[in-house]
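Next comes upload30.csv, with CSV, C-alpha atoms.
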```
chain,number,residue,atom,x,y,z
A,18,MET,CA,-26.7,-9.3,-22.2
A,19,ALA,CA,-25.1,-11.4,-24.8
A,20,LYS,CA,-24.7,-8.4,-26.9
A,21,ASP,CA,-22.9,-6.3,-24.3
A,22,LEU,CA,-19.5,-7.2,-25.8
A,23,GLU,CA,-20.6,-7.1,-29.4
A,24,VAL,CA,-18.4,-4.8,-31.5
A,25,THR,CA,-20.2,-2.6,-34.0
A,26,GLU,CA,-19.1,-2.1,-37.5
A,27,ARG,CA,-17.1,1.0,-36.6
A,28,GLY,CA,-15.3,-0.8,-33.7
A,29,SER,CA,-17.3,0.9,-30.9
A,30,PHE,CA,-19.5,-0.9,-28.4
A,31,SER,CA,-23.2,-0.9,-27.8
A,32,GLY,CA,-24.7,1.6,-25.3
A,33,LYS,CA,-25.3,-1.2,-22.8
A,34,ASP,CA,-21.5,-1.7,-22.3
A,35,TYR,CA,-20.1,-0.3,-19.1
A,36,HIS,CA,-17.4,2.4,-19.5
A,37,ASP,CA,-14.7,2.6,-16.8
A,38,PRO,CA,-14.0,6.0,-15.3
A,39,PRO,CA,-10.7,7.7,-16.3
A,40,PRO,CA,-7.7,6.2,-14.5
A,41,ALA,CA,-6.6,8.0,-11.4
A,42,PRO,CA,-3.0,9.1,-11.0
A,43,LEU,CA,-0.7,6.8,-9.1
A,44,ILE,CA,0.5,9.6,-6.8
A,45,ASP,CA,-1.7,12.6,-6.1
A,46,ALA,CA,-0.3,15.1,-3.6
A,47,GLU,CA,-3.8,16.6,-3.2
A,48,GLU,CA,-4.9,13.4,-1.4
A,49,LEU,CA,-2.6,14.3,1.5
A,50,THR,CA,-5.0,17.1,2.3
A,51,LYS,CA,-8.1,15.0,2.5
A,52,TRP,CA,-9.4,13.1,5.6
A,53,SER,CA,-10.5,10.2,3.3
A,54,PHE,CA,-6.9,9.4,2.6
A,55,TYR,CA,-6.0,9.1,6.3
A,56,ARG,CA,-9.2,7.2,7.0
A,57,ALA,CA,-8.3,4.7,4.3
A,58,LEU,CA,-4.8,4.4,5.8
A,59,ILE,CA,-6.1,3.7,9.2
A,60,ALA,CA,-8.6,1.2,7.9
A,61,GLU,CA,-5.8,-0.7,6.0
A,62,PHE,CA,-3.6,-0.7,9.1
A,63,ILE,CA,-6.3,-2.1,11.4
A,64,ALA,CA,-7.4,-4.7,8.8
A,65,THR,CA,-3.9,-5.9,8.1
A,66,MET,CA,-3.1,-6.1,11.8
A,67,LEU,CA,-6.2,-8.2,12.5
A,68,PHE,CA,-5.5,-10.3,9.4
A,69,LEU,CA,-1.9,-11.1,10.6
A,70,TYR,CA,-3.1,-11.7,14.2
A,71,ILE,CA,-5.7,-14.3,13.0
A,72,THR,CA,-3.5,-16.0,10.4
A,73,VAL,CA,-0.4,-16.2,12.5
A,74,LEU,CA,-2.2,-17.8,15.4
A,75,THR,CA,-4.2,-20.1,13.1
A,76,VAL,CA,-0.9,-21.4,11.7
A,77,ILE,CA,0.4,-22.0,15.2
A,78,GLY,CA,-2.8,-23.7,16.2
A,79,TYR,CA,-2.6,-26.0,13.1
A,80,LYS,CA,0.9,-27.0,13.8
A,81,HIS,CA,0.0,-27.7,17.5
A,82,GLN,CA,-2.9,-29.9,16.3
A,83,THR,CA,-0.6,-31.7,13.9
A,84,ASP,CA,1.9,-32.5,16.7
A,85,LEU,CA,-0.9,-33.9,18.9
A,86,LYS,CA,-2.2,-36.1,16.1
A,87,ASP,CA,1.3,-37.4,15.2
A,88,HIS,CA,1.9,-38.3,18.9
A,89,GLY,CA,-1.5,-40.1,19.1
A,90,VAL,CA,-3.1,-37.6,21.5
A,91,PHE,CA,-6.8,-37.2,21.3
A,92,ASP,CA,-7.9,-33.6,21.1
A,93,PRO,CA,-11.6,-32.9,20.7
A,94,SER,CA,-10.9,-29.6,18.9
A,95,TYR,CA,-9.3,-31.6,16.0
A,96,HIS,CA,-11.8,-34.4,15.7
A,97,VAL,CA,-15.1,-32.5,16.4
A,98,HIS,CA,-14.3,-29.9,13.7
A,99,GLY,CA,-13.2,-32.5,11.2
A,100,GLY,CA,-9.8,-30.9,10.8
A,101,SER,CA,-11.0,-27.3,10.4
A,102,VAL,CA,-7.9,-25.2,10.9
A,103,LEU,CA,-9.6,-22.1,12.3
A,104,GLY,CA,-12.1,-24.0,14.4
A,105,GLY,CA,-9.3,-26.3,15.8
A,106,TYR,CA,-7.2,-23.3,16.7
A,107,LEU,CA,-10.0,-21.4,18.5
A,108,TRP,CA,-11.1,-24.4,20.5
A,109,SER,CA,-7.6,-25.4,21.5
A,110,TRP,CA,-6.4,-22.0,22.5
A,111,VAL,CA,-9.4,-21.0,24.6
A,112,GLY,CA,-8.3,-23.4,27.3
A,113,GLN,CA,-4.6,-23.0,26.9
A,114,GLY,CA,-4.2,-19.3,26.3
A,115,LEU,CA,-1.5,-17.7,24.1
A,116,GLN,CA,1.9,-18.9,25.4
A,117,LYS,CA,5.3,-17.8,24.2
A,118,ALA,CA,6.4,-21.4,24.2
A,119,TYR,CA,4.1,-22.2,21.4
A,120,PHE,CA,5.2,-19.2,19.4
A,121,ASP,CA,8.8,-20.3,19.6
A,122,ARG,CA,8.1,-24.0,19.1
A,123,TYR,CA,6.0,-23.5,15.9
A,124,GLY,CA,8.0,-20.9,14.2
A,125,GLY,CA,6.0,-17.9,15.2
A,126,GLY,CA,3.4,-18.6,12.6
A,127,ALA,CA,5.8,-17.2,10.0
A,128,ASN,CA,5.6,-18.5,6.4
A,129,SER,CA,8.1,-21.1,5.5
A,130,LEU,CA,8.2,-24.1,3.2
A,131,ALA,CA,7.1,-27.2,5.0
A,132,ASP,CA,9.3,-30.3,5.1
A,133,GLY,CA,8.7,-32.7,2.3
A,134,TYR,CA,7.7,-30.0,-0.3
A,135,SER,CA,9.8,-28.7,-3.1
A,136,THR,CA,10.4,-25.0,-3.8
A,137,GLY,CA,8.3,-25.4,-7.0
A,138,THR,CA,5.4,-26.8,-5.0
A,139,GLY,CA,5.5,-24.0,-2.5
A,140,LEU,CA,5.7,-21.4,-5.3
A,141,GLY,CA,2.9,-23.0,-7.1
A,142,ALA,CA,0.7,-23.0,-4.0
A,143,GLU,CA,1.3,-19.3,-3.4
A,144,ILE,CA,0.6,-18.4,-7.1
A,145,ILE,CA,-2.6,-20.4,-7.2
A,146,GLY,CA,-3.8,-19.3,-3.7
A,147,THR,CA,-3.2,-15.6,-4.6
A,148,PHE,CA,-4.9,-16.1,-8.0
A,149,VAL,CA,-8.0,-17.4,-6.3
A,150,LEU,CA,-8.1,-14.6,-3.8
A,151,VAL,CA,-7.5,-11.7,-6.3
A,152,TYR,CA,-9.9,-13.2,-8.9
A,153,THR,CA,-12.6,-13.4,-6.2
A,154,VAL,CA,-12.0,-9.8,-5.1
A,155,PHE,CA,-12.1,-8.5,-8.7
A,156,SER,CA,-15.3,-10.5,-9.5
A,157,ALA,CA,-17.1,-9.5,-6.3
A,158,THR,CA,-16.3,-5.8,-6.5
A,159,ASP,CA,-16.5,-5.3,-10.3
A,160,PRO,CA,-18.5,-2.2,-11.0
A,161,LYS,CA,-19.3,-3.5,-14.5
A,162,ARG,CA,-21.0,-6.6,-13.0
A,163,SER,CA,-22.8,-4.4,-10.5
A,164,ALA,CA,-24.2,-2.1,-13.2
A,165,ARG,CA,-25.2,-5.0,-15.5
A,166,ASP,CA,-26.6,-7.4,-12.9
A,167,SER,CA,-27.9,-4.9,-10.3
A,168,HIS,CA,-30.9,-7.1,-9.7
A,169,VAL,CA,-28.5,-9.8,-8.3
A,170,PRO,CA,-27.1,-8.5,-5.0
A,171,VAL,CA,-23.6,-9.7,-4.0
A,172,LEU,CA,-22.3,-9.2,-0.5
A,173,ALA,CA,-18.6,-8.8,-1.5
A,174,PRO,CA,-17.0,-9.6,1.9
A,175,LEU,CA,-18.8,-13.0,2.0
A,176,PRO,CA,-17.2,-14.6,-1.2
A,177,ILE,CA,-13.8,-12.8,-0.4
A,178,GLY,CA,-13.8,-14.2,3.1
A,179,PHE,CA,-14.7,-17.6,1.9
A,180,ALA,CA,-11.9,-17.6,-0.7
A,181,VAL,CA,-9.4,-16.6,2.0
A,182,PHE,CA,-10.7,-19.4,4.2
A,183,MET,CA,-10.5,-22.1,1.5
A,184,VAL,CA,-7.0,-21.0,0.4
A,185,HIS,CA,-5.8,-21.3,4.0
A,186,LEU,CA,-7.3,-24.8,4.3
A,187,ALA,CA,-5.4,-25.8,1.2
A,188,THR,CA,-2.0,-24.2,1.6
A,189,ILE,CA,-1.3,-23.9,5.4
A,190,PRO,CA,0.2,-27.5,5.3
A,191,VAL,CA,2.5,-26.4,2.5
A,192,THR,CA,3.7,-22.8,3.1
A,193,GLY,CA,1.6,-21.6,6.1
A,194,THR,CA,-0.3,-19.5,3.5
A,195,GLY,CA,1.3,-16.3,2.5
A,196,ILE,CA,-0.8,-14.8,-0.4
A,197,ASN,CA,0.1,-11.4,1.0
A,198,PRO,CA,3.7,-10.0,1.2
A,199,ALA,CA,2.7,-7.9,4.2
A,200,ARG,CA,1.7,-11.0,6.2
A,201,SER,CA,4.9,-12.9,5.3
A,202,LEU,CA,7.3,-10.0,5.9
A,203,GLY,CA,5.7,-8.9,9.2
A,204,ALA,CA,5.8,-12.4,10.7
A,205,ALA,CA,9.3,-13.1,9.4
A,206,VAL,CA,10.6,-9.9,10.9
A,207,ILE,CA,9.1,-10.5,14.3
A,208,TYR,CA,10.2,-14.2,14.5
A,209,ASN,CA,13.5,-13.4,12.8
A,210,GLN,CA,15.0,-16.9,12.5
A,211,ASP,CA,16.8,-18.5,9.6
A,212,LYS,CA,14.0,-20.8,8.3
A,213,PRO,CA,11.4,-18.2,7.5
A,214,TRP,CA,14.1,-16.2,5.5
A,215,ASP,CA,15.4,-19.2,3.6
A,216,ASP,CA,12.6,-19.2,1.0
A,217,HIS,CA,11.2,-15.8,1.8
A,218,TRP,CA,11.3,-14.8,-1.9
A,219,ILE,CA,8.5,-17.4,-2.6
A,220,PHE,CA,6.1,-15.2,-0.6
A,221,TRP,CA,6.9,-12.2,-2.8
A,222,VAL,CA,7.2,-13.8,-6.2
A,223,GLY,CA,4.2,-16.1,-5.8
A,224,PRO,CA,1.7,-13.4,-4.8
A,225,PHE,CA,2.9,-11.0,-7.4
A,226,VAL,CA,2.7,-13.6,-10.2
A,227,GLY,CA,-0.7,-14.9,-9.0
A,228,ALA,CA,-2.2,-11.4,-8.7
A,229,ALA,CA,-0.9,-10.4,-12.2
A,230,ILE,CA,-2.4,-13.5,-13.8
A,231,ALA,CA,-5.7,-12.8,-12.0
A,232,ALA,CA,-5.7,-9.2,-13.2
A,233,PHE,CA,-4.9,-10.2,-16.7
A,234,TYR,CA,-7.6,-12.9,-16.8
A,235,HIS,CA,-10.2,-10.5,-15.3
A,236,GLN,CA,-9.4,-7.5,-17.5
A,237,PHE,CA,-8.6,-9.1,-20.8
A,238,ILE,CA,-10.7,-12.3,-20.7
A,239,LEU,CA,-13.8,-11.8,-18.6
A,240,ARG,CA,-14.1,-8.0,-19.3
A,241,ALA,CA,-13.0,-8.5,-22.9
A,242,GLY,CA,-10.3,-5.8,-22.7
A,243,ALA,CA,-8.4,-7.4,-25.5
A,244,VAL,CA,-11.5,-7.4,-27.8
A,245,LYS,CA,-12.1,-3.7,-27.0
A,246,ALA,CA,-8.5,-2.8,-27.7
A,247,LEU,CA,-8.6,-4.7,-31.0
A,248,GLY,CA,-11.8,-3.0,-32.0
A,249,SER,CA,-10.3,0.5,-31.2
A,250,PHE,CA,-7.2,-0.5,-33.2
A,251,ARG,CA,-9.2,-1.5,-36.2
A,252,SER,CA,-11.4,1.7,-36.1
A,253,ASN,CA,-8.4,4.0,-35.9
A,254,PRO,CA,-7.9,5.4,-39.4
A,255,HIS,CA,-4.3,6.5,-38.6
A,256,VAL,CA,-3.1,3.0,-37.9
```
Rendering of file as C-alpha cells:
Amino acid sequence: MAKDLEVTERGSFSGKDYHDPPPAPLIDAEELTKWSFYRALIAEFIATMLFLYITVLTVIGYKHQTDLKDHGVFDPSYHVHGGSVLGGYLWSWVGQGLQKAYFDRYGGGANSLADGYSTGTGLGAEIIGTFVLVYTVFSATDPKRSARDSHVPVLAPLPIGFAVFMVHLATIPVTGTGINPARSLGAAVIYNQDKPWDDHWIFWVGPFVGAAIAAFYHQFILRAGAVKALGSFRSNPHV
C-alpha cells in the first residue's frame, strides 16, 4: 500500500494505483431523457426538505432550552440529555407541539449571527463546519479508498451523519449552523425578517470556502493529485 503513490522513473504510477473514470460533462441534455435523472432530483428534494425540517426545529428547540436555562427553569429534557441539542429538542416538543409562537419568538430557526460573536467568528465557524462535513463525505465515499481497502467496510451514512451532528453541536450557538446554502436561504425566505438577512452572505461564503478547502485537501493532499500532476509534467517530452 505504501507504494500506491510511488512514481516510477517515467512518471507513471504503479498498477495498484486507482484511476478515476473520465470526467462527466457539467451539463448533459441526454440526462433529461433518463428516469435516473428525475429519481435523483426527487431524492435530493426529499432529503433537503427533511434536513431543513429537522435542523430548523432543532435550532428553535435549542433556543427554547437556552431561554429556560437563563430564567432558572428546570427542564428534564435539557438536564437528562446533558445539553444534547437534538435530544433536548425532541423531548421538549413532544409535550408542547409545534406552535407558531415559538417559530416567531426564536427567529424561525433561520441562520443568523448570535449576539456576542463577531462576523469573523461566524464566518470561521461556517468554514470549519463545512470543511468537516465535506471532508467526511469525500473520505467516506472515495472510490479509491473502497478499491484499495475493500476488506474494510465503511457504512458511509454513519460517519457523514455523525459529522453533521457534531458540527451542529459546535456551531448552533454561534450561527445556527448553516453549512449548506439551501438550508440558510430557505429558512431566511420563509421567516423573512431583517436579522437573518443582515449577515446572510456568511452562509454562502463560508460553505463555499470550506468546501473548496476540503476538496483541495482531499484531491491534492490525500489523493496526491499534485504529485501525479507533477509526475505527468516531468514525463511529458514536449514541456
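The interatomic distance for the pair atom CA of A:Gly223 and atom CA of A:Asp159 works out to 23.8 Å.
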Subject >> Given only C-alpha atoms as the counted atoms, nearest of A:Thr136, A:Met183, A:Thr147, A:Tyr234 to A:His217 >> reply: A:Thr136
Original post:
Can you tell me, as a count of residues only, what residues are no more than 12 Å from A:Trp214 when counting all atoms listed in the file, ignoring any on the same chain fewer than 5 positions away?
Top reply: 17
**OP:** Using only C-alpha atoms, find the one residue out of A:Pro213, A:Val149, A:Pro42, A:Ala60 that sits nearest to A:Phe179.
**Re:** A:Val149
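Our summary of the geometry notes that atom CA of A:Pro176 is positioned 16.4 Å from atom CA of A:Phe68.
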Output as AutoDock Vina command-line options the centre and edge lengths (Å, one decimal) of the box along x, y and z of the file that holds every listed atom of stretch 231-240 of chain A after adding 8 Å on each side.
```
--center_x -9.5 --center_y -10.2 --center_z -16.4 --size_x 25.2 --size_y 21.4 --size_z 24.8
```
